[in-house]
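Peer 1: Input structure: upload.cif, which contains mmCIF, C-alpha atoms and all ligand atoms.
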data_my_file
#
loop_
_atom_site.label_atom_id
_atom_site.label_comp_id
_atom_site.auth_asym_id
_atom_site.auth_seq_id
_atom_site.Cartn_x
_atom_site.Cartn_y
_atom_site.Cartn_z
CA MET M 1 75.59 51.72 11.75
CA LYS M 2 76.21 54.56 14.22
CA LEU M 3 73.88 55.29 17.11
CA LYS M 4 74.12 57.78 19.95
CA ILE M 5 72.16 56.65 22.99
CA LEU M 6 71.60 58.69 26.13
CA VAL M 7 71.16 56.50 29.20
CA VAL M 8 69.16 58.04 32.05
CA ALA M 9 69.05 55.18 34.53
CA GLY M 10 67.25 57.08 37.30
CA ASP M 11 66.26 55.60 40.63
CA GLY M 12 65.71 52.31 42.45
CA ILE M 13 66.07 49.34 40.12
CA GLY M 14 66.47 51.72 37.15
CA PRO M 15 70.29 51.52 37.14
CA GLU M 16 70.24 47.76 37.82
CA VAL M 17 68.09 46.85 34.81
CA THR M 18 69.55 49.54 32.54
CA ASN M 19 73.11 48.25 33.07
CA GLU M 20 72.03 44.89 31.69
CA ALA M 21 70.22 46.42 28.70
CA VAL M 22 73.27 48.54 27.86
CA ALA M 23 75.60 45.53 28.15
CA VAL M 24 73.39 43.61 25.71
CA LEU M 25 73.37 46.52 23.26
CA GLN M 26 77.16 46.79 23.54
CA ASP M 27 77.47 43.12 22.62
CA VAL M 28 75.07 43.57 19.69
CA ALA M 29 77.25 46.45 18.46
CA ALA M 30 80.48 44.44 18.85
CA LEU M 31 79.04 41.34 17.15
CA GLY M 32 77.63 43.28 14.19
CA GLY M 33 80.40 45.86 13.79
CA HIS M 34 78.13 48.75 14.78
CA GLU M 35 79.22 51.88 16.58
CA PHE M 36 76.90 52.60 19.51
CA THR M 37 77.97 55.35 21.90
CA PHE M 38 76.43 55.59 25.36
CA THR M 39 76.33 58.78 27.43
CA GLU M 40 74.95 58.83 30.99
CA ARG M 41 73.03 61.63 32.67
CA ARG M 42 70.88 62.06 35.78
CA ILE M 43 67.08 62.18 35.97
CA GLY M 44 64.47 61.77 38.72
CA GLY M 45 65.29 61.42 42.41
CA VAL M 46 69.06 61.21 41.95
CA ALA M 47 68.91 64.47 40.02
CA ILE M 48 66.76 66.14 42.70
CA VAL M 49 69.37 65.21 45.31
CA GLN M 50 72.44 66.15 43.27
CA ASP M 51 71.20 68.93 40.99
CA GLY M 52 68.14 70.26 42.80
CA THR M 53 65.82 69.47 39.88
CA PRO M 54 64.40 66.21 38.44
CA LEU M 55 65.45 67.11 34.89
CA PRO M 56 68.72 69.05 34.76
CA ALA M 57 69.23 71.21 31.63
CA ASP M 58 72.34 69.26 30.79
CA THR M 59 70.35 65.99 30.72
CA LEU M 60 67.73 67.51 28.45
CA ASN M 61 70.35 68.96 26.09
CA GLU M 62 72.11 65.59 25.82
CA ALA M 63 68.77 63.89 25.20
CA LEU M 64 67.94 66.28 22.36
CA ALA M 65 71.37 65.63 20.83
CA SER M 66 70.93 61.83 20.84
CA ASP M 67 69.31 59.34 18.46
CA ALA M 68 67.55 57.54 21.30
CA VAL M 69 67.11 57.90 25.05
CA LEU M 70 67.02 54.81 27.29
CA LEU M 71 65.38 55.45 30.65
CA GLY M 72 65.44 53.07 33.62
CA ALA M 73 62.84 54.32 36.10
CA VAL M 74 62.28 57.30 38.39
CA GLY M 75 60.71 57.72 41.80
CA GLY M 76 61.26 56.82 45.41
CA ASN M 77 59.37 56.82 48.68
CA GLU M 78 61.47 59.69 50.07
CA PHE M 79 59.95 62.03 47.47
CA ASN M 80 56.32 61.04 47.99
CA SER M 81 55.34 64.16 49.93
CA LEU M 82 56.59 66.57 47.24
CA PRO M 83 54.04 68.34 45.00
CA PRO M 84 53.63 66.78 41.53
CA ASP M 85 55.78 69.35 39.74
CA LYS M 86 58.75 68.83 42.08
CA ARG M 87 58.74 65.03 42.10
CA PRO M 88 61.06 62.64 40.24
CA GLU M 89 58.12 61.70 37.97
CA ALA M 90 57.90 65.36 36.84
CA GLY M 91 61.38 64.99 35.35
CA LEU M 92 60.19 62.09 33.21
CA LEU M 93 57.05 63.94 32.11
CA GLN M 94 59.13 67.01 31.18
CA LEU M 95 61.49 64.79 29.21
CA ARG M 96 58.60 63.14 27.37
CA ALA M 97 57.12 66.54 26.49
CA ALA M 98 60.46 67.94 25.30
CA LEU M 99 61.28 64.92 23.13
CA GLY M 100 57.80 65.13 21.65
CA GLY M 101 57.00 61.45 21.16
CA PHE M 102 53.24 61.01 21.45
CA ALA M 103 52.83 57.32 20.61
CA ASN M 104 53.96 55.02 23.39
CA LEU M 105 54.14 51.45 22.10
CA ARG M 106 53.79 48.89 24.89
CA PRO M 107 53.85 45.35 23.53
CA ALA M 108 52.56 42.67 25.88
CA PHE M 109 53.75 39.33 24.58
CA ALA M 110 53.08 36.18 26.57
CA PHE M 111 56.17 33.98 26.29
CA LYS M 112 54.89 30.39 26.33
CA GLU M 113 57.50 29.48 28.97
CA LEU M 114 55.93 31.96 31.41
CA ALA M 115 52.32 30.86 30.98
CA VAL M 116 52.48 28.97 34.29
CA ASN M 117 53.65 32.15 35.96
CA SER M 118 50.43 33.99 35.20
CA PRO M 119 47.59 33.71 37.71
CA LEU M 120 45.39 33.19 34.63
CA ARG M 121 45.10 29.66 33.22
CA PRO M 122 47.82 28.84 30.66
CA GLU M 123 45.26 28.16 27.93
CA ILE M 124 43.95 31.73 28.40
CA VAL M 125 47.30 33.53 28.13
CA ASP M 126 49.19 31.25 25.76
CA GLY M 127 49.55 33.00 22.41
CA ALA M 128 48.50 36.43 23.68
CA ASP M 129 50.30 39.15 21.74
CA ILE M 130 48.96 42.67 22.22
CA MET M 131 50.39 46.00 21.11
CA PHE M 132 49.13 48.81 23.33
CA VAL M 133 49.41 52.24 21.75
CA ARG M 134 49.18 54.70 24.60
CA GLU M 135 48.80 58.40 23.78
CA LEU M 136 51.59 59.93 25.86
CA LEU M 137 51.43 63.72 25.68
CA GLY M 138 47.81 64.58 26.37
CA GLY M 139 44.90 63.76 28.62
CA LEU M 140 44.95 64.21 32.37
CA TYR M 141 48.75 64.17 32.55
CA PHE M 142 49.17 67.44 30.67
CA GLY M 143 45.71 69.04 30.47
CA GLN M 144 45.27 72.53 31.92
CA PRO M 145 43.97 73.73 34.32
CA ARG M 146 45.41 71.64 37.09
CA ALA M 147 45.83 72.71 40.70
CA TRP M 148 45.34 71.94 44.34
CA ASP M 149 43.68 74.77 46.23
CA ARG M 150 44.72 73.86 49.76
CA ASP M 151 42.59 76.58 51.37
CA LYS M 152 39.42 75.44 49.66
CA GLY M 153 40.30 71.79 50.02
CA GLU M 154 39.70 71.35 46.29
CA SER M 155 41.88 70.03 43.49
CA TRP M 156 41.43 69.38 39.78
CA ASN M 157 43.03 67.98 36.67
CA THR M 158 41.76 68.25 33.12
CA MET M 159 41.37 65.48 30.61
CA ARG M 160 41.75 67.35 27.33
CA TYR M 161 42.41 66.24 23.77
CA THR M 162 42.33 67.98 20.43
CA ARG M 163 41.17 66.24 17.28
CA ASP M 164 44.70 66.41 15.84
CA GLU M 165 46.23 64.84 18.95
CA VAL M 166 43.87 61.89 18.67
CA ALA M 167 44.21 61.55 14.90
CA ARG M 168 48.02 61.41 14.90
CA VAL M 169 48.24 58.64 17.49
CA ALA M 170 45.32 56.77 15.89
CA ARG M 171 47.17 56.75 12.54
CA ILE M 172 50.18 55.13 14.17
CA ALA M 173 47.95 52.49 15.77
CA PHE M 174 46.17 51.72 12.48
CA LYS M 175 49.50 51.42 10.65
CA LEU M 176 50.77 49.00 13.30
CA ALA M 177 47.58 46.96 12.97
CA GLN M 178 48.09 46.75 9.19
CA GLY M 179 51.43 45.04 9.83
CA ARG M 180 49.92 42.68 12.41
CA ARG M 181 46.54 40.93 12.59
CA LYS M 182 44.61 43.96 11.25
CA LYS M 183 42.45 44.49 14.29
CA LEU M 184 42.30 47.70 16.32
CA THR M 185 40.47 48.12 19.61
CA SER M 186 40.06 51.74 20.70
CA VAL M 187 39.44 52.19 24.41
CA ASP M 188 37.53 55.13 25.85
CA LYS M 189 34.78 56.17 28.25
CA ALA M 190 32.49 57.67 25.62
CA ASN M 191 29.37 56.77 27.61
CA VAL M 192 30.35 59.44 30.17
CA LEU M 193 33.11 61.78 28.99
CA GLU M 194 32.99 64.42 26.23
CA VAL M 195 36.71 64.00 25.72
CA SER M 196 36.08 60.32 24.96
CA GLN M 197 33.31 61.21 22.52
CA LEU M 198 35.79 63.34 20.58
CA TRP M 199 38.28 60.47 20.84
CA ARG M 200 35.79 57.95 19.39
CA ALA M 201 34.56 60.26 16.60
CA THR M 202 38.13 61.01 15.55
CA VAL M 203 39.19 57.36 15.56
CA ASN M 204 36.15 56.59 13.38
CA GLU M 205 37.21 59.31 10.93
CA VAL M 206 40.78 58.04 10.74
CA ALA M 207 39.48 54.49 10.23
CA ALA M 208 38.27 55.49 6.74
CA GLU M 209 41.95 55.74 5.71
CA PHE M 210 42.54 52.11 6.75
CA PRO M 211 39.69 50.02 5.31
CA ASP M 212 41.65 46.78 5.73
CA VAL M 213 41.75 47.17 9.54
CA THR M 214 38.78 46.05 11.62
CA LEU M 215 37.99 48.66 14.25
CA GLU M 216 36.09 48.08 17.46
CA HIS M 217 35.47 50.36 20.44
CA GLN M 218 35.42 49.27 24.08
CA TYR M 219 34.70 51.17 27.26
CA VAL M 220 37.71 51.12 29.53
CA ASP M 221 35.96 49.42 32.44
CA ALA M 222 34.77 46.53 30.30
CA MET M 223 38.16 46.40 28.57
CA ALA M 224 39.90 45.84 31.91
CA MET M 225 37.76 42.73 32.29
CA HIS M 226 37.96 41.49 28.66
CA LEU M 227 41.76 41.69 28.77
CA MET M 228 41.87 39.18 31.59
CA ASN M 229 39.12 36.94 30.16
CA GLN M 230 40.31 36.70 26.58
CA PRO M 231 43.65 38.42 26.02
CA ARG M 232 44.16 36.54 22.74
CA ASN M 233 41.22 38.43 21.29
CA TYR M 234 43.26 41.65 21.04
CA ASP M 235 45.81 42.82 18.53
CA VAL M 236 46.43 46.59 18.69
CA VAL M 237 44.81 48.46 21.58
CA LEU M 238 44.67 52.26 21.30
CA THR M 239 44.08 54.30 24.45
CA GLU M 240 44.39 57.75 25.92
CA ASN M 241 47.21 58.45 28.34
CA LEU M 242 45.86 57.37 31.76
CA PHE M 243 43.80 54.43 30.51
CA GLY M 244 46.92 53.14 28.72
CA ASP M 245 49.01 53.53 31.87
CA ILE M 246 46.57 51.37 33.78
CA LEU M 247 45.81 48.74 31.13
CA SER M 248 49.49 48.22 30.29
CA ASP M 249 50.33 47.42 33.92
CA GLU M 250 47.32 45.11 33.98
CA SER M 251 48.73 43.28 31.00
CA ALA M 252 51.68 42.26 33.20
CA VAL M 253 49.30 39.62 34.51
CA ILE M 254 49.14 38.13 31.00
CA THR M 255 52.91 38.13 30.51
CA GLY M 256 53.75 36.78 33.97
CA SER M 257 55.50 39.84 35.38
CA LEU M 258 55.67 43.61 35.10
CA GLY M 259 59.40 43.10 34.72
CA MET M 260 58.86 41.58 31.24
CA LEU M 261 57.30 44.64 29.58
CA PRO M 262 59.21 47.00 27.27
CA SER M 263 58.12 50.27 25.68
CA ALA M 264 59.10 52.72 22.96
CA THR M 265 57.83 56.23 22.37
CA ILE M 266 57.90 57.48 18.78
CA GLY M 267 56.64 60.34 16.68
CA GLY M 268 58.74 63.12 18.22
CA LYS M 269 62.22 64.62 17.82
CA VAL M 270 64.04 61.81 19.65
CA ASP M 271 62.72 58.33 20.41
CA LEU M 272 62.38 57.49 24.11
CA TYR M 273 62.66 53.95 25.42
CA GLU M 274 61.63 52.80 28.88
CA PRO M 275 60.51 49.55 30.45
CA VAL M 276 56.92 49.80 31.63
CA HIS M 277 57.74 49.15 35.28
CA GLY M 278 58.84 51.69 37.88
CA SER M 279 61.73 52.01 40.32
CA ALA M 280 60.41 49.17 42.53
CA PRO M 281 61.71 50.49 45.88
CA ASP M 282 60.61 47.23 47.54
CA ILE M 283 63.31 45.22 45.72
CA ALA M 284 65.89 47.90 44.82
CA GLY M 285 69.53 47.17 45.54
CA LYS M 286 68.98 43.47 46.14
CA GLY M 287 69.77 42.04 42.71
CA LEU M 288 66.16 40.83 42.46
CA ALA M 289 65.00 42.99 39.56
CA ASN M 290 64.08 41.31 36.29
CA PRO M 291 66.13 43.04 33.55
CA LEU M 292 64.27 41.40 30.64
CA GLY M 293 61.80 44.29 30.22
CA ALA M 294 64.76 46.67 29.91
CA ILE M 295 66.64 44.27 27.60
CA LEU M 296 63.56 43.92 25.37
CA THR M 297 63.32 47.72 25.44
CA GLY M 298 66.86 47.71 24.03
CA ALA M 299 65.60 45.39 21.28
CA MET M 300 62.97 48.02 20.44
CA ILE M 301 65.78 50.60 20.01
CA LEU M 302 67.42 48.20 17.57
CA ARG M 303 64.22 47.71 15.58
CA LEU M 304 62.66 51.18 15.61
CA THR M 305 65.51 53.69 15.81
CA ALA M 306 68.40 51.68 14.35
CA GLY M 307 66.38 49.66 11.81
CA LEU M 308 68.36 46.55 12.85
CA GLU M 309 65.51 44.05 12.64
CA ALA M 310 67.70 40.93 12.62
CA GLU M 311 69.59 42.10 15.69
CA ALA M 312 66.33 42.93 17.49
CA MET M 313 65.03 39.46 16.71
CA ALA M 314 68.28 37.92 17.97
CA VAL M 315 67.90 39.65 21.34
CA ARG M 316 64.34 38.41 21.60
CA THR M 317 65.41 34.89 20.67
CA ALA M 318 68.14 35.03 23.30
CA VAL M 319 65.56 36.03 25.94
CA ARG M 320 63.26 33.19 24.88
CA THR M 321 66.14 30.68 24.94
CA VAL M 322 67.15 31.67 28.47
CA LEU M 323 63.53 31.20 29.56
CA GLU M 324 63.34 27.83 27.76
CA ASN M 325 66.47 26.74 29.61
CA GLY M 326 64.84 27.55 32.95
CA GLY M 327 66.53 30.87 33.75
CA ARG M 328 64.26 32.85 36.08
CA THR M 329 64.54 36.00 38.17
CA ALA M 330 62.62 35.85 41.45
CA ASP M 331 59.49 37.53 40.04
CA LEU M 332 59.24 34.71 37.47
CA MET M 333 59.32 31.99 40.14
CA ARG M 334 56.03 32.98 41.72
CA GLY M 335 53.24 30.50 41.21
CA THR M 336 55.55 27.90 39.75
CA ASN M 337 57.14 24.72 40.99
CA PRO M 338 60.72 25.95 41.49
CA GLN M 339 62.21 22.60 40.55
CA GLY M 340 63.85 22.71 37.16
CA TYR M 341 64.34 26.48 37.21
CA ASN M 342 67.56 28.35 37.89
CA LEU M 343 67.02 31.35 40.15
CA LEU M 344 69.09 34.17 38.69
CA SER M 345 70.05 37.60 40.02
CA THR M 346 69.62 40.67 37.81
CA THR M 347 73.23 40.53 36.63
CA ALA M 348 73.21 36.73 36.15
CA MET M 349 70.08 37.00 33.98
CA GLY M 350 71.75 39.72 31.88
CA ALA M 351 74.89 37.57 31.53
CA GLN M 352 72.82 34.56 30.39
CA VAL M 353 71.10 36.63 27.72
CA ARG M 354 74.48 37.88 26.47
CA ASP M 355 76.05 34.39 26.46
CA THR M 356 73.07 33.07 24.53
CA LEU M 357 73.17 35.98 22.08
CA LYS M 358 76.76 35.09 21.13
CA GLN M 359 75.59 31.62 20.07
CA ILE M 360 72.77 32.86 17.80
P1 LIG F 1 56.68 49.57 40.26
O1 LIG F 1 56.49 49.26 38.82
O2 LIG F 1 57.97 50.19 40.63
O3 LIG F 1 56.52 48.21 41.10
C1 LIG F 1 55.29 47.49 41.19
C2 LIG F 1 55.58 46.05 41.66
O4 LIG F 1 56.22 45.34 40.60
C3 LIG F 1 56.53 46.01 42.85
O5 LIG F 1 56.18 44.94 43.69
C4 LIG F 1 57.89 45.72 42.20
O6 LIG F 1 58.79 45.03 43.03
C5 LIG F 1 57.50 44.87 41.00
N1 LIG F 1 58.44 45.08 39.88
C6 LIG F 1 58.51 46.19 39.10
N2 LIG F 1 59.49 46.05 38.21
C7 LIG F 1 60.07 44.85 38.43
C8 LIG F 1 61.15 44.17 37.83
N3 LIG F 1 61.85 44.67 36.80
N4 LIG F 1 61.50 42.94 38.33
C9 LIG F 1 60.79 42.41 39.35
N5 LIG F 1 59.76 43.01 39.96
C10 LIG F 1 59.40 44.24 39.50
O7 LIG F 1 55.45 50.48 40.69
P2 LIG F 1 55.15 51.22 42.09
O8 LIG F 1 55.69 50.41 43.22
O9 LIG F 1 53.76 51.58 42.03
O10 LIG F 1 56.00 52.57 41.99
C11 LIG F 1 57.29 52.76 42.53
C12 LIG F 1 57.86 54.07 42.02
O11 LIG F 1 58.14 53.95 40.63
C13 LIG F 1 56.92 55.25 42.16
O12 LIG F 1 57.69 56.37 42.57
C14 LIG F 1 56.37 55.45 40.77
O13 LIG F 1 55.98 56.77 40.50
C15 LIG F 1 57.56 55.07 39.95
N6 LIG F 1 57.27 54.64 38.57
C16 LIG F 1 58.14 55.06 37.62
C17 LIG F 1 57.99 54.63 36.31
C18 LIG F 1 58.98 55.09 35.30
O14 LIG F 1 59.95 55.72 35.65
N7 LIG F 1 58.81 54.81 34.02
C19 LIG F 1 56.97 53.72 35.99
C20 LIG F 1 56.09 53.32 37.01
C21 LIG F 1 56.26 53.77 38.30
C1 LIG F 2 54.72 54.78 33.35
C2 LIG F 2 54.72 55.48 34.69
C3 LIG F 2 54.69 56.98 34.50
C4 LIG F 2 53.37 57.31 33.85
C5 LIG F 2 54.88 57.86 35.75
C6 LIG F 2 56.08 57.48 36.54
C7 LIG F 2 54.97 59.30 35.36
O1 LIG F 2 53.71 55.01 35.50
O2 LIG F 2 55.60 55.07 32.53
O3 LIG F 2 53.88 53.91 33.13
O4 LIG F 2 52.33 57.39 34.55
O5 LIG F 2 53.34 57.50 32.63
MN MN F 3 52.72 53.25 34.65
#
Could I get this structure in the form of structure tokens?
Ligand code: NAD
Ligand code: IPM
Ligand code: MN
Peer 2:
Amino acid sequence: MKLKILVVAGDGIGPEVTNEAVAVLQDVAALGGHEFTFTERRIGGVAIVQDGTPLPADTLNEALASDAVLLGAVGGNEFNSLPPDKRPEAGLLQLRAALGGFANLRPAFAFKELAVNSPLRPEIVDGADIMFVRELLGGLYFGQPRAWDRDKGESWNTMRYTRDEVARVARIAFKLAQGRRKKLTSVDKANVLEVSQLWRATVNEVAAEFPDVTLEHQYVDAMAMHLMNQPRNYDVVLTENLFGDILSDESAVITGSLGMLPSATIGGKVDLYEPVHGSAPDIAGKGLANPLGAILTGAMILRLTAGLEAEAMAVRTAVRTVLENGGRTADLMRGTNPQGYNLLSTTAMGAQVRDTLKQI
């Protein structure tokens, strides 16, 4: 199997975690006789500094000529005073729009070994396995008009969706639910927002195509609470762009750390893969970053773009085995009794996953 992957590692811990994910994928390729080629390009803050723009044309062209794009993270405190369209994050949003993927899959799986790491009681989180489907190309992120009128002291963004935009992402969520526990929870704010009323009506229409899936609707404020109270109650959770951004970070509480969460964006010209977390300037350059979210993101490339299900499962098993054997990055030590755990740096964690993978 041949696969061309563009790596845009970005800023902060982006390069640290991406290096480990790429090394794992290289081992998968070597072990299975696959030909994966990796090309590197700049995005985000590093691109602003070196190229004067957060998404250089050359990066975008390479991305469009690849089978998959693996992104680390973008953003840094030094860029915080820039306007939205000049910031590192704008490069990522432009890349998402150009690649066209509208369904951002964010699985939140609570590894049993990390249940003690969650501030929630182990019996609440144990067994939680949620697939968030976050609409990625609409809503407040891309809706027009948007502006900041500095003279008037007034600014605005627009939460806008068309029926087709909702229907296409809803279909992906229903299909995922059919292959899982056949339950879909659609999250909105239909008690207040017209855009959410369209969202809910459209999801109800699409539901007729999937009679075997049980559909429920939740308001986003209540959902934020239900997720913490009974995370095991949820299977597939469908949300608009901003609600999904917020709820997926919240689900880090269920999994033990933000550093555990992978994501994949499908439905466009080229699939885009990124861990859920950001550039984490507070721990960048210290070898403290947890690379497992990025490594599990690599497993999603194997499953979704490459169709290598067995290899994807092997990576996941390797991650679980390292956790079973007590391997922990610093973020996974919080709230636990450190005895019996091995504190690992970013690179040591990556190496343990690779060593374990070779024995599977
Ligand atoms: P963040 O996700 O970078 O960090 C939040 C907290 O989680 C921090 O305490 C951080 O140390 C910790 N954390 C995150 N990833 C971790 C990992 N792999 N291992 C251990 N700990 C980890 O969010 P933030 O601090 O709000 O944002 C920092 C920058 O990242 C901002 O510029 C933001 O815009 C950007 N960001 C980028 C992306 C992306 O590129 N996909 C995603 C989110 C945030
Ligand atoms: C994410 C991030 C991005 C988002 C930012 C950096 C543009 O928070 O991927 O979750 O809001 O989508
Ligand atoms: Mn986010």
Peer 1: Please report as JSON lines every residue of chain M lying within 6 Å of ligand LIG 2 (chain F), along with the nearest atom pair and their distance in Å (one decimal), using all atoms listed in the file.
Peer 2:
{"residue": "M:Glu89", "atom": "CA", "partner": "F:LIG2", "partner_atom": "C7", "distance": 4.7}
{"residue": "M:Asp245", "atom": "CA", "partner": "F:LIG2", "partner_atom": "O3", "distance": 5.0}
{"residue": "M:Val276", "atom": "CA", "partner": "F:LIG2", "partner_atom": "O3", "distance": 5.3}
Peer 1: Please list as a ChimeraX atom specification every residue within 10 Å of M:Tyr273, counting all atoms listed in the file and excluding residues in the same chain fewer than 5 positions away.
Peer 2: /M:7,68-72,104-105,262-266,294,297-301
Peer 1: Can you tell me which residues sit at most 8 Å away from ligand LIG 1 (chain F), counting all atoms listed in the file, written as a PDB file with C-alpha atoms, keeping the file's coordinate frame?
Peer 2:
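Saved to out-v1.pdb:
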ATOM      1  CA  GLY M  10      67.250  57.080  37.300  1.00  0.00           C
ATOM      2  CA  GLY M  12      65.710  52.310  42.450  1.00  0.00           C
ATOM      3  CA  ILE M  13      66.070  49.340  40.120  1.00  0.00           C
ATOM      4  CA  GLY M  14      66.470  51.720  37.150  1.00  0.00           C
ATOM      5  CA  VAL M  17      68.090  46.850  34.810  1.00  0.00           C
ATOM      6  CA  LEU M  71      65.380  55.450  30.650  1.00  0.00           C
ATOM      7  CA  GLY M  72      65.440  53.070  33.620  1.00  0.00           C
ATOM      8  CA  ALA M  73      62.840  54.320  36.100  1.00  0.00           C
ATOM      9  CA  VAL M  74      62.280  57.300  38.390  1.00  0.00           C
ATOM     10  CA  GLY M  75      60.710  57.720  41.800  1.00  0.00           C
ATOM     11  CA  GLY M  76      61.260  56.820  45.410  1.00  0.00           C
ATOM     12  CA  ASN M  77      59.370  56.820  48.680  1.00  0.00           C
ATOM     13  CA  PHE M  79      59.950  62.030  47.470  1.00  0.00           C
ATOM     14  CA  ASN M  80      56.320  61.040  47.990  1.00  0.00           C
ATOM     15  CA  PRO M  88      61.060  62.640  40.240  1.00  0.00           C
ATOM     16  CA  GLU M  89      58.120  61.700  37.970  1.00  0.00           C
ATOM     17  CA  LEU M  92      60.190  62.090  33.210  1.00  0.00           C
ATOM     18  CA  SER M 257      55.500  39.840  35.380  1.00  0.00           C
ATOM     19  CA  LEU M 258      55.670  43.610  35.100  1.00  0.00           C
ATOM     20  CA  GLY M 259      59.400  43.100  34.720  1.00  0.00           C
ATOM     21  CA  MET M 260      58.860  41.580  31.240  1.00  0.00           C
ATOM     22  CA  GLU M 274      61.630  52.800  28.880  1.00  0.00           C
ATOM     23  CA  PRO M 275      60.510  49.550  30.450  1.00  0.00           C
ATOM     24  CA  VAL M 276      56.920  49.800  31.630  1.00  0.00           C
ATOM     25  CA  HIS M 277      57.740  49.150  35.280  1.00  0.00           C
ATOM     26  CA  GLY M 278      58.840  51.690  37.880  1.00  0.00           C
ATOM     27  CA  SER M 279      61.730  52.010  40.320  1.00  0.00           C
ATOM     28  CA  ALA M 280      60.410  49.170  42.530  1.00  0.00           C
ATOM     29  CA  PRO M 281      61.710  50.490  45.880  1.00  0.00           C
ATOM     30  CA  ASP M 282      60.610  47.230  47.540  1.00  0.00           C
ATOM     31  CA  ILE M 283      63.310  45.220  45.720  1.00  0.00           C
ATOM     32  CA  ALA M 284      65.890  47.900  44.820  1.00  0.00           C
ATOM     33  CA  LEU M 288      66.160  40.830  42.460  1.00  0.00           C
ATOM     34  CA  ALA M 289      65.000  42.990  39.560  1.00  0.00           C
ATOM     35  CA  ASN M 290      64.080  41.310  36.290  1.00  0.00           C
ATOM     36  CA  PRO M 291      66.130  43.040  33.550  1.00  0.00           C
ATOM     37  CA  LEU M 292      64.270  41.400  30.640  1.00  0.00           C
ATOM     38  CA  GLY M 293      61.800  44.290  30.220  1.00  0.00           C
ATOM     39  CA  ALA M 294      64.760  46.670  29.910  1.00  0.00           C
ATOM     40  CA  THR M 329      64.540  36.000  38.170  1.00  0.00           C
ATOM     41  CA  ALA M 330      62.620  35.850  41.450  1.00  0.00           C
ATOM     42  CA  ASP M 331      59.490  37.530  40.040  1.00  0.00           C
TER      43      ASP M 331
END
Peer 1: In Å, with one decimal, what is the gap from atom CA of M:Pro54 to atom CA of M:Gly100?
Peer 2: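 Separation between atom CA of M:Pro54 and atom CA of M:Gly100: 18.1 Å.
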Peer 1: Around the point (65.7, 34.6, 27.7) (coordinates from the file), which residues reach within 9 Å if we count all atoms listed in the file? Answer as a list in words.
Peer 2: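 Nearby residues: Leu292, Val315, Arg316, Thr317, Ala318, Val319, Arg320, Thr321, Val322, Leu323, Glu324, Asn325, Gly326, Gly327, Arg328, Met349, Gly350, Gln352, Val353 and Thr356 of chain M.
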Peer 1: May I have the protein, DNA and RNA residues with an atom at most 10 Å from (32.8, 54.2, 24.0), counting all atoms listed in the file in the file's coordinates, returned as number ranges by chain?
Peer 2: M: 186-193, 196-197, 199-201, 216-220
Peer 1: Using the atoms already present, construct N, CA and C atoms for stretch 51-62 of chain M and hand them back as a PDB file, in the frame of the given file.
Peer 2:
ATOM      1  N   ASP M  51      71.284  67.721  41.824  1.00  0.00           N
ATOM      2  CA  ASP M  51      71.200  68.930  40.990  1.00  0.00           C
ATOM      3  C   ASP M  51      70.080  69.871  41.412  1.00  0.00           C
ATOM      4  N   GLY M  52      69.239  69.413  42.319  1.00  0.00           N
ATOM      5  CA  GLY M  52      68.140  70.260  42.800  1.00  0.00           C
ATOM      6  C   GLY M  52      66.948  70.324  41.863  1.00  0.00           C
ATOM      7  N   THR M  53      66.948  69.497  40.821  1.00  0.00           N
ATOM      8  CA  THR M  53      65.820  69.470  39.880  1.00  0.00           C
ATOM      9  C   THR M  53      65.736  68.074  39.263  1.00  0.00           C
ATOM     10  N   PRO M  54      64.498  67.582  38.972  1.00  0.00           N
ATOM     11  CA  PRO M  54      64.400  66.210  38.440  1.00  0.00           C
ATOM     12  C   PRO M  54      64.843  66.060  36.986  1.00  0.00           C
ATOM     13  N   LEU M  55      64.937  67.195  36.271  1.00  0.00           N
ATOM     14  CA  LEU M  55      65.450  67.110  34.890  1.00  0.00           C
ATOM     15  C   LEU M  55      66.448  68.239  34.656  1.00  0.00           C
ATOM     16  N   PRO M  56      67.721  68.000  34.963  1.00  0.00           N
ATOM     17  CA  PRO M  56      68.720  69.050  34.760  1.00  0.00           C
ATOM     18  C   PRO M  56      68.825  69.428  33.276  1.00  0.00           C
ATOM     19  N   ALA M  57      69.145  70.717  33.021  1.00  0.00           N
ATOM     20  CA  ALA M  57      69.230  71.210  31.630  1.00  0.00           C
ATOM     21  C   ALA M  57      70.219  70.400  30.812  1.00  0.00           C
ATOM     22  N   ASP M  58      71.291  70.009  31.478  1.00  0.00           N
ATOM     23  CA  ASP M  58      72.340  69.260  30.790  1.00  0.00           C
ATOM     24  C   ASP M  58      71.811  67.893  30.315  1.00  0.00           C
ATOM     25  N   THR M  59      70.953  67.273  31.111  1.00  0.00           N
ATOM     26  CA  THR M  59      70.350  65.990  30.720  1.00  0.00           C
ATOM     27  C   THR M  59      69.452  66.193  29.509  1.00  0.00           C
ATOM     28  N   LEU M  60      68.653  67.245  29.566  1.00  0.00           N
ATOM     29  CA  LEU M  60      67.730  67.510  28.450  1.00  0.00           C
ATOM     30  C   LEU M  60      68.499  67.822  27.170  1.00  0.00           C
ATOM     31  N   ASN M  61      69.570  68.627  27.289  1.00  0.00           N
ATOM     32  CA  ASN M  61      70.350  68.960  26.090  1.00  0.00           C
ATOM     33  C   ASN M  61      70.966  67.703  25.474  1.00  0.00           C
ATOM     34  N   GLU M  62      71.524  66.853  26.326  1.00  0.00           N
ATOM     35  CA  GLU M  62      72.110  65.590  25.820  1.00  0.00           C
ATOM     36  C   GLU M  62      71.048  64.742  25.148  1.00  0.00           C
TER      37      GLU M  62
END
